[in-house]
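Participant: Input structure: entry24.json, which contains JSON, C-alpha atoms.
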```json
[["chain", "number", "residue", "atom", "x", "y", "z"],
["A", 1, "MET", "CA", 0.00, 0.00, 0.00],
["A", 2, "GLU", "CA", 1.27, 3.46, -0.82],
["A", 3, "VAL", "CA", 0.09, 7.00, -0.17],
["A", 4, "ARG", "CA", 1.38, 9.03, -3.08],
["A", 5, "GLN", "CA", 2.23, 12.71, -2.92],
["A", 6, "ASP", "CA", -0.85, 13.51, -5.04],
["A", 7, "GLY", "CA", -3.09, 11.87, -2.40],
["A", 8, "LYS", "CA", -3.82, 8.69, -4.32],
["A", 9, "VAL", "CA", -3.79, 5.55, -2.18],
["A", 10, "THR", "CA", -2.69, 2.46, -4.08],
["A", 11, "ILE", "CA", -2.46, -1.24, -3.34],
["A", 12, "ASP", "CA", -0.16, -3.20, -5.64],
["A", 13, "GLY", "CA", -0.17, -0.22, -7.99],
["A", 14, "ASP", "CA", -3.98, -0.02, -8.26],
["A", 15, "GLU", "CA", -5.66, 3.13, -6.96],
["A", 16, "VAL", "CA", -8.21, 2.30, -4.23],
["A", 17, "PHE", "CA", -9.15, 5.80, -3.03],
["A", 18, "GLY", "CA", -7.73, 9.26, -2.55],
["A", 19, "ILE", "CA", -7.18, 11.65, 0.34],
["A", 20, "ASP", "CA", -6.35, 15.32, 0.64],
["A", 21, "ALA", "CA", -4.61, 17.53, 3.19],
["A", 22, "ALA", "CA", -7.96, 18.52, 4.73],
["A", 23, "GLY", "CA", -8.71, 14.92, 5.74],
["A", 24, "ARG", "CA", -11.24, 14.23, 3.01],
["A", 25, "VAL", "CA", -11.38, 10.72, 1.56],
["A", 26, "PHE", "CA", -12.57, 10.17, -2.03],
["A", 27, "GLU", "CA", -13.55, 7.19, -4.14],
["A", 28, "VAL", "CA", -11.43, 6.57, -7.25],
["A", 29, "ASP", "CA", -14.04, 8.39, -9.35],
["A", 30, "GLY", "CA", -13.80, 11.45, -7.06],
["A", 31, "ASP", "CA", -17.04, 10.90, -5.15],
["A", 32, "PRO", "CA", -16.69, 11.87, -1.48],
["A", 33, "MET", "CA", -16.41, 8.90, 0.89],
["A", 34, "ALA", "CA", -15.59, 10.43, 4.28],
["A", 35, "VAL", "CA", -14.03, 13.37, 6.10],
["A", 36, "LEU", "CA", -11.87, 13.41, 9.22],
["A", 37, "ASP", "CA", -12.85, 16.34, 11.43],
["A", 38, "GLU", "CA", -10.48, 18.23, 13.74],
["A", 39, "ALA", "CA", -11.57, 16.13, 16.74],
["A", 40, "GLY", "CA", -10.68, 12.87, 14.96],
["A", 41, "HIS", "CA", -14.22, 11.75, 14.07],
["A", 42, "LEU", "CA", -14.36, 10.06, 10.67],
["A", 43, "LEU", "CA", -17.73, 10.84, 9.12],
["A", 44, "GLY", "CA", -19.05, 9.12, 6.02],
["A", 45, "ARG", "CA", -21.88, 9.99, 3.68],
["A", 46, "ASP", "CA", -24.94, 11.41, 5.43],
["A", 47, "ALA", "CA", -22.77, 11.94, 8.56],
["A", 48, "ALA", "CA", -22.45, 8.17, 9.12],
["A", 49, "GLU", "CA", -20.10, 7.39, 12.00],
["A", 50, "MET", "CA", -16.97, 5.65, 10.72],
["A", 51, "GLY", "CA", -14.94, 5.68, 13.94],
["A", 52, "MET", "CA", -12.21, 7.79, 15.49],
["A", 53, "VAL", "CA", -8.75, 8.32, 14.02],
["A", 54, "GLY", "CA", -5.71, 9.75, 15.75],
["A", 55, "ALA", "CA", -1.99, 9.83, 15.08],
["A", 56, "GLN", "CA", -1.32, 6.43, 16.67],
["A", 57, "THR", "CA", -4.65, 4.58, 16.95],
["A", 58, "ALA", "CA", -8.11, 4.28, 15.41],
["A", 59, "ALA", "CA", -11.34, 3.07, 16.99],
["A", 60, "PHE", "CA", -14.06, 1.07, 15.29],
["A", 61, "PRO", "CA", -17.36, 2.95, 14.79],
["A", 62, "GLY", "CA", -19.24, 3.13, 18.09],
["A", 63, "SER", "CA", -16.27, 1.88, 20.13],
["A", 64, "ALA", "CA", -14.29, 3.80, 22.74],
["A", 65, "THR", "CA", -11.24, 1.55, 22.37],
["A", 66, "ALA", "CA", -8.72, 1.19, 19.55],
["A", 67, "TRP", "CA", -8.95, -1.68, 17.10],
["A", 68, "VAL", "CA", -5.76, -0.77, 15.22],
["A", 69, "GLY", "CA", -2.63, 1.21, 15.99],
["A", 70, "LEU", "CA", 0.80, 2.16, 14.71],
["A", 71, "GLY", "CA", 3.83, 0.94, 16.63],
["A", 72, "PRO", "CA", 7.01, 2.98, 17.11],
["A", 73, "ARG", "CA", 8.67, 1.46, 14.03],
["A", 74, "GLY", "CA", 5.62, 1.91, 11.79],
["A", 75, "GLU", "CA", 4.17, -1.57, 12.38],
["A", 76, "VAL", "CA", 0.39, -1.88, 12.05],
["A", 77, "ILE", "CA", -1.03, -3.59, 15.14],
["A", 78, "ARG", "CA", -4.58, -4.94, 15.29],
["A", 79, "PHE", "CA", -6.21, -5.24, 18.70],
["A", 80, "ASP", "CA", -8.71, -8.11, 18.99],
["A", 81, "SER", "CA", -11.74, -7.82, 21.27],
["A", 82, "ASP", "CA", -10.17, -10.37, 23.63],
["A", 83, "GLY", "CA", -7.05, -8.19, 24.06],
["A", 84, "GLU", "CA", -4.79, -10.11, 21.69],
["A", 85, "ARG", "CA", -2.52, -8.15, 19.37],
["A", 86, "SER", "CA", -1.41, -9.10, 15.89],
["A", 87, "ARG", "CA", 0.90, -7.38, 13.43],
["A", 88, "ASP", "CA", -0.50, -6.59, 10.00],
["A", 89, "GLY", "CA", 2.27, -5.01, 7.91],
["A", 90, "TYR", "CA", 4.20, -1.84, 8.53],
["A", 91, "TRP", "CA", 4.53, 1.69, 7.20],
["A", 92, "GLN", "CA", 7.65, 3.53, 6.11],
["A", 93, "GLY", "CA", 7.75, 7.32, 6.26],
["A", 94, "CYS", "CA", 4.89, 7.67, 8.72],
["A", 95, "SER", "CA", 6.41, 9.74, 11.47],
["A", 96, "GLY", "CA", 5.39, 13.16, 12.71],
["A", 97, "ALA", "CA", 2.38, 14.74, 11.01],
["A", 98, "MET", "CA", 2.31, 11.92, 8.44],
["A", 99, "SER", "CA", 1.31, 9.38, 11.13],
["A", 100, "THR", "CA", -2.30, 10.62, 11.18],
["A", 101, "THR", "CA", -2.49, 10.19, 7.40],
["A", 102, "CYS", "CA", -1.13, 6.64, 7.66],
["A", 103, "MET", "CA", -3.56, 5.83, 10.48],
["A", 104, "LEU", "CA", -6.48, 7.25, 8.45],
["A", 105, "VAL", "CA", -5.53, 5.18, 5.40],
["A", 106, "THR", "CA", -5.06, 2.04, 7.53],
["A", 107, "HIS", "CA", -8.42, 2.54, 9.23],
["A", 108, "VAL", "CA", -10.30, 3.08, 5.94],
["A", 109, "ILE", "CA", -8.67, 0.01, 4.34],
["A", 110, "LEU", "CA", -9.47, -2.18, 7.35],
["A", 111, "LEU", "CA", -13.06, -0.87, 7.54],
["A", 112, "ARG", "CA", -13.56, -1.83, 3.90],
["A", 113, "GLU", "CA", -12.08, -5.26, 4.60],
["A", 114, "TRP", "CA", -14.37, -5.70, 7.61],
["A", 115, "GLN", "CA", -17.44, -4.61, 5.61],
["A", 116, "ARG", "CA", -16.69, -7.19, 2.92],
["A", 117, "ARG", "CA", -16.36, -10.10, 5.35],
["A", 118, "PRO", "CA", -19.30, -12.46, 5.58],
["A", 119, "ARG", "CA", -20.99, -12.13, 8.96],
["A", 120, "VAL", "CA", -23.67, -14.00, 10.81],
["A", 121, "GLY", "CA", -26.33, -11.77, 12.34],
["A", 122, "VAL", "CA", -26.08, -8.16, 12.30],
["A", 123, "GLY", "CA", -19.74, -0.90, 10.00],
["A", 124, "ILE", "CA", -3.49, 15.37, 9.26],
["A", 125, "GLY", "CA", -0.45, 15.65, 8.08],
["A", 126, "PHE", "CA", 0.18, 15.06, 4.38],
["A", 127, "GLY", "CA", 3.09, 13.53, 2.57],
["A", 128, "VAL", "CA", 4.29, 10.19, 1.24],
["A", 129, "GLY", "CA", 4.01, 6.87, 3.08],
["A", 130, "ILE", "CA", 4.48, 3.27, 2.00],
["A", 131, "MET", "CA", 3.06, 0.21, 3.79],
["A", 132, "HIS", "CA", 4.61, -3.22, 3.35]]
```
Show me this structure written as structure tokens.

Facilitator:
Amino acid sequence: MEVRQDGKVTIDGDEVFGIDAAGRVFEVDGDPMAVLDEAGHLLGRDAAEMGMVGAQTAAFPGSATAWVGLGPRGEVIRFDSDGERSRDGYWQGCSGAMSTTCMLVTHVILLREWQRRPRVGVGIGFGVGIMH
């Protein structure tokens, strides 16, 4: 995964969405997807709650606790509901103000992954970052 200087987010070279310096997230076709407000609330279309995003952690929508975070060396750490932690890749170039951008991108990618999973029952700095 890569966050390019022009705001395009790519996975294996394919654009998956875009972001801008104001914290807005866009579909590939330019349609607005979400916006990160100054307090860290990620709001989707029609003000849908999409969680909280900070420089080091992000919380699942409706949760007060983090479900993903960035470690000191850029590693992506997922926090399971039972308290277990697992590593899920790492970022390069995500220090300082860029860490919020990397956390936003990570959160949006993982939310999309979660939304696509089959379920039983019952949802800034700016620069260049690369996730491996």

Participant: What's the separation between CA of Pro72 in chain A and CA of Met52 in chain A, in Å to one decimal place?

Facilitator: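 Spanning CA of Pro72 in chain A to CA of Met52 in chain A is a straight-line distance of 19.9 Å.
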
Participant: So which residues touch Ser81 in chain A within 10 Å, counting only C-alpha atoms, skipping near sequence neighbours fewer than 5 positions away, as a short mmCIF file (atom, residue, chain, number, x, y, z; two decimals) with C-alpha atoms, keeping the file's coordinate frame?

Facilitator:
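Here's the written file selection_37.cif:
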```
data_model
loop_
_atom_site.label_atom_id
_atom_site.label_comp_id
_atom_site.auth_asym_id
_atom_site.auth_seq_id
_atom_site.Cartn_x
_atom_site.Cartn_y
_atom_site.Cartn_z
CA THR A 65 -11.24 1.55 22.37
CA ALA A 66 -8.72 1.19 19.55
CA TRP A 67 -8.95 -1.68 17.10
#
```

Participant: Could you list, as a ChimeraX atom specification, every residue within 12 Å of Trp114 in chain A, counting all atoms listed in the file and ignoring same-chain residues fewer than 6 positions away?

Facilitator: /A:60-61,67,107-108,123

Participant: Please write the residues from the selection above to a file, keeping C-alpha atoms, as a tab-separated table (two decimals), in the frame of the given file.

Facilitator:
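So the final result, stored in selection19.tsv, reads:
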```
chain	number	residue	atom	x	y	z
A	60	PHE	CA	-14.06	1.07	15.29
A	61	PRO	CA	-17.36	2.95	14.79
A	67	TRP	CA	-8.95	-1.68	17.10
A	107	HIS	CA	-8.42	2.54	9.23
A	108	VAL	CA	-10.30	3.08	5.94
A	123	GLY	CA	-19.74	-0.90	10.00
```

Participant: Using all atoms listed in the file, find each residue in range 90-124 of chain A having at least one atom no more than 12 Å away from range 1-8 of chain A; report its shortest atom-to-atom pair and that distance in Å (one decimal), rows by chain then rising number, as CSV.

Facilitator:
```
residue,atom,partner,partner_atom,distance
A:Tyr90,CA,A:Met1,CA,9.7
A:Trp91,CA,A:Met1,CA,8.7
A:Gln92,CA,A:Glu2,CA,9.4
A:Gly93,CA,A:Val3,CA,10.0
A:Cys94,CA,A:Val3,CA,10.1
A:Met98,CA,A:Val3,CA,10.2
A:Ser99,CA,A:Val3,CA,11.6
A:Thr101,CA,A:Val3,CA,8.6
A:Cys102,CA,A:Val3,CA,7.9
A:Met103,CA,A:Val3,CA,11.3
A:Leu104,CA,A:Val3,CA,10.8
A:Val105,CA,A:Val3,CA,8.1
A:Thr106,CA,A:Met1,CA,9.3
A:Ile109,CA,A:Met1,CA,9.7
```

Participant: Hey, can you check how far CA of Ala34 in chain A sits from CA of Gly18 in chain A?

Facilitator: 10.5 Å

Participant: Which of these residues is nearest to Arg85 in chain A, using only C-alpha atoms: A:Gly44, A:Gly62, A:Gly51, A:Gly69?

Facilitator: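 Going through A:Gly44, A:Gly62, A:Gly51, A:Gly69 one by one, the smallest distance to Arg85 in chain A is for A:Gly69.
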
Participant: Enter the distance from CA of Val16 in chain A to CA of Val28 in chain A, in Å, rounded to one decimal.

Facilitator: 6.1 Å

Participant: Kindly indicate which residue among A:Ala21, A:Gln115, A:Gly83, A:Ala64 lies nearest to Thr100 in chain A, using only C-alpha atoms for the distances.

Facilitator: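 The shortest atom-to-atom distance to Thr100 in chain A comes from A:Ala21.
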
Participant: Would you mind listing what lies within 9 Å of Val35 in chain A as a PyMOL selection string, with all atoms listed in the file counted and same-chain residues fewer than 4 positions away left out?

Facilitator: chain A and resi 22-26+41-45

Participant: Which residue gives the smallest distance to Ala58 in chain A among A:Gly96, A:Gly40, A:Gly74, A:Gly89, with all atoms listed in the file counted?

Facilitator: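 Answer, going by the shortest atom-to-atom distance: A:Gly40.
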
Participant: Find the residue from A:Ala48, A:Glu27, A:Leu110, A:Ala97 that sits nearest to Arg78 in chain A; use only C-alpha atoms when measuring.

Facilitator: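 For Arg78 in chain A, the nearest of the given residues is A:Leu110.
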
Participant: Because some atoms of range 88-119 of chain A are absent here, can you restore N, CA and C atoms and send them as a PDB file, in the frame of the given file?

Facilitator:
```pdb
ATOM      1  N   ASP A  88       0.137  -6.516  11.318  1.00  0.00           N
ATOM      2  CA  ASP A  88      -0.500  -6.590  10.000  1.00  0.00           C
ATOM      3  C   ASP A  88       0.206  -5.630   9.042  1.00  0.00           C
ATOM      4  N   GLY A  89       1.486  -5.870   8.793  1.00  0.00           N
ATOM      5  CA  GLY A  89       2.270  -5.010   7.910  1.00  0.00           C
ATOM      6  C   GLY A  89       2.930  -3.880   8.657  1.00  0.00           C
ATOM      7  N   TYR A  90       3.577  -3.006   7.925  1.00  0.00           N
ATOM      8  CA  TYR A  90       4.200  -1.840   8.530  1.00  0.00           C
ATOM      9  C   TYR A  90       4.290  -0.717   7.501  1.00  0.00           C
ATOM     10  N   TRP A  91       4.408   0.493   8.024  1.00  0.00           N
ATOM     11  CA  TRP A  91       4.530   1.690   7.200  1.00  0.00           C
ATOM     12  C   TRP A  91       5.956   2.192   7.242  1.00  0.00           C
ATOM     13  N   GLN A  92       6.405   2.783   6.153  1.00  0.00           N
ATOM     14  CA  GLN A  92       7.650   3.530   6.110  1.00  0.00           C
ATOM     15  C   GLN A  92       7.288   4.982   5.853  1.00  0.00           C
ATOM     16  N   GLY A  93       7.994   5.900   6.496  1.00  0.00           N
ATOM     17  CA  GLY A  93       7.750   7.320   6.260  1.00  0.00           C
ATOM     18  C   GLY A  93       6.528   7.862   6.953  1.00  0.00           C
ATOM     19  N   CYS A  94       6.117   7.241   8.038  1.00  0.00           N
ATOM     20  CA  CYS A  94       4.890   7.670   8.720  1.00  0.00           C
ATOM     21  C   CYS A  94       5.167   8.244  10.101  1.00  0.00           C
ATOM     22  N   SER A  95       6.138   9.102  10.192  1.00  0.00           N
ATOM     23  CA  SER A  95       6.410   9.740  11.470  1.00  0.00           C
ATOM     24  C   SER A  95       5.883  11.176  11.443  1.00  0.00           C
ATOM     25  N   GLY A  96       5.850  11.778  12.600  1.00  0.00           N
ATOM     26  CA  GLY A  96       5.390  13.160  12.710  1.00  0.00           C
ATOM     27  C   GLY A  96       3.963  13.336  12.222  1.00  0.00           C
ATOM     28  N   ALA A  97       3.728  14.426  11.497  1.00  0.00           N
ATOM     29  CA  ALA A  97       2.380  14.740  11.010  1.00  0.00           C
ATOM     30  C   ALA A  97       1.845  13.680  10.059  1.00  0.00           C
ATOM     31  N   MET A  98       2.723  12.948   9.401  1.00  0.00           N
ATOM     32  CA  MET A  98       2.310  11.920   8.440  1.00  0.00           C
ATOM     33  C   MET A  98       1.642  10.723   9.139  1.00  0.00           C
ATOM     34  N   SER A  99       1.879  10.557  10.443  1.00  0.00           N
ATOM     35  CA  SER A  99       1.310   9.380  11.130  1.00  0.00           C
ATOM     36  C   SER A  99      -0.217   9.402  11.129  1.00  0.00           C
ATOM     37  N   THR A 100      -0.834  10.565  11.227  1.00  0.00           N
ATOM     38  CA  THR A 100      -2.300  10.620  11.180  1.00  0.00           C
ATOM     39  C   THR A 100      -2.806  10.199   9.801  1.00  0.00           C
ATOM     40  N   THR A 101      -2.109  10.608   8.753  1.00  0.00           N
ATOM     41  CA  THR A 101      -2.490  10.190   7.400  1.00  0.00           C
ATOM     42  C   THR A 101      -2.403   8.683   7.270  1.00  0.00           C
ATOM     43  N   CYS A 102      -1.307   8.094   7.739  1.00  0.00           N
ATOM     44  CA  CYS A 102      -1.130   6.640   7.660  1.00  0.00           C
ATOM     45  C   CYS A 102      -2.192   5.911   8.480  1.00  0.00           C
ATOM     46  N   MET A 103      -2.529   6.460   9.647  1.00  0.00           N
ATOM     47  CA  MET A 103      -3.560   5.830  10.480  1.00  0.00           C
ATOM     48  C   MET A 103      -4.915   5.939   9.806  1.00  0.00           C
ATOM     49  N   LEU A 104      -5.212   7.079   9.178  1.00  0.00           N
ATOM     50  CA  LEU A 104      -6.480   7.250   8.450  1.00  0.00           C
ATOM     51  C   LEU A 104      -6.575   6.241   7.310  1.00  0.00           C
ATOM     52  N   VAL A 105      -5.532   6.121   6.524  1.00  0.00           N
ATOM     53  CA  VAL A 105      -5.530   5.180   5.400  1.00  0.00           C
ATOM     54  C   VAL A 105      -5.689   3.747   5.910  1.00  0.00           C
ATOM     55  N   THR A 106      -4.954   3.388   6.953  1.00  0.00           N
ATOM     56  CA  THR A 106      -5.060   2.040   7.530  1.00  0.00           C
ATOM     57  C   THR A 106      -6.480   1.758   7.993  1.00  0.00           C
ATOM     58  N   HIS A 107      -7.066   2.703   8.700  1.00  0.00           N
ATOM     59  CA  HIS A 107      -8.420   2.540   9.230  1.00  0.00           C
ATOM     60  C   HIS A 107      -9.439   2.357   8.101  1.00  0.00           C
ATOM     61  N   VAL A 108      -9.354   3.178   7.054  1.00  0.00           N
ATOM     62  CA  VAL A 108     -10.300   3.080   5.940  1.00  0.00           C
ATOM     63  C   VAL A 108     -10.143   1.738   5.230  1.00  0.00           C
ATOM     64  N   ILE A 109      -8.905   1.308   4.984  1.00  0.00           N
ATOM     65  CA  ILE A 109      -8.670   0.010   4.340  1.00  0.00           C
ATOM     66  C   ILE A 109      -9.239  -1.121   5.183  1.00  0.00           C
ATOM     67  N   LEU A 110      -8.978  -1.108   6.487  1.00  0.00           N
ATOM     68  CA  LEU A 110      -9.470  -2.180   7.350  1.00  0.00           C
ATOM     69  C   LEU A 110     -10.992  -2.149   7.502  1.00  0.00           C
ATOM     70  N   LEU A 111     -11.597  -0.953   7.512  1.00  0.00           N
ATOM     71  CA  LEU A 111     -13.060  -0.870   7.540  1.00  0.00           C
ATOM     72  C   LEU A 111     -13.655  -1.504   6.291  1.00  0.00           C
ATOM     73  N   ARG A 112     -13.073  -1.221   5.144  1.00  0.00           N
ATOM     74  CA  ARG A 112     -13.560  -1.830   3.900  1.00  0.00           C
ATOM     75  C   ARG A 112     -13.422  -3.345   3.955  1.00  0.00           C
ATOM     76  N   GLU A 113     -12.295  -3.810   4.458  1.00  0.00           N
ATOM     77  CA  GLU A 113     -12.080  -5.260   4.600  1.00  0.00           C
ATOM     78  C   GLU A 113     -13.135  -5.857   5.524  1.00  0.00           C
ATOM     79  N   TRP A 114     -13.386  -5.208   6.645  1.00  0.00           N
ATOM     80  CA  TRP A 114     -14.370  -5.700   7.610  1.00  0.00           C
ATOM     81  C   TRP A 114     -15.766  -5.730   6.992  1.00  0.00           C
ATOM     82  N   GLN A 115     -16.117  -4.687   6.225  1.00  0.00           N
ATOM     83  CA  GLN A 115     -17.440  -4.610   5.610  1.00  0.00           C
ATOM     84  C   GLN A 115     -17.655  -5.700   4.566  1.00  0.00           C
ATOM     85  N   ARG A 116     -16.593  -6.155   3.956  1.00  0.00           N
ATOM     86  CA  ARG A 116     -16.690  -7.190   2.920  1.00  0.00           C
ATOM     87  C   ARG A 116     -16.729  -8.600   3.486  1.00  0.00           C
ATOM     88  N   ARG A 117     -16.373  -8.771   4.746  1.00  0.00           N
ATOM     89  CA  ARG A 117     -16.360 -10.100   5.350  1.00  0.00           C
ATOM     90  C   ARG A 117     -17.778 -10.611   5.534  1.00  0.00           C
ATOM     91  N   PRO A 118     -17.978 -11.891   5.276  1.00  0.00           N
ATOM     92  CA  PRO A 118     -19.300 -12.460   5.580  1.00  0.00           C
ATOM     93  C   PRO A 118     -19.497 -12.498   7.092  1.00  0.00           C
ATOM     94  N   ARG A 119     -20.693 -12.156   7.535  1.00  0.00           N
ATOM     95  CA  ARG A 119     -20.990 -12.130   8.960  1.00  0.00           C
ATOM     96  C   ARG A 119     -22.307 -12.863   9.208  1.00  0.00           C
TER      97      ARG A 119
END
```
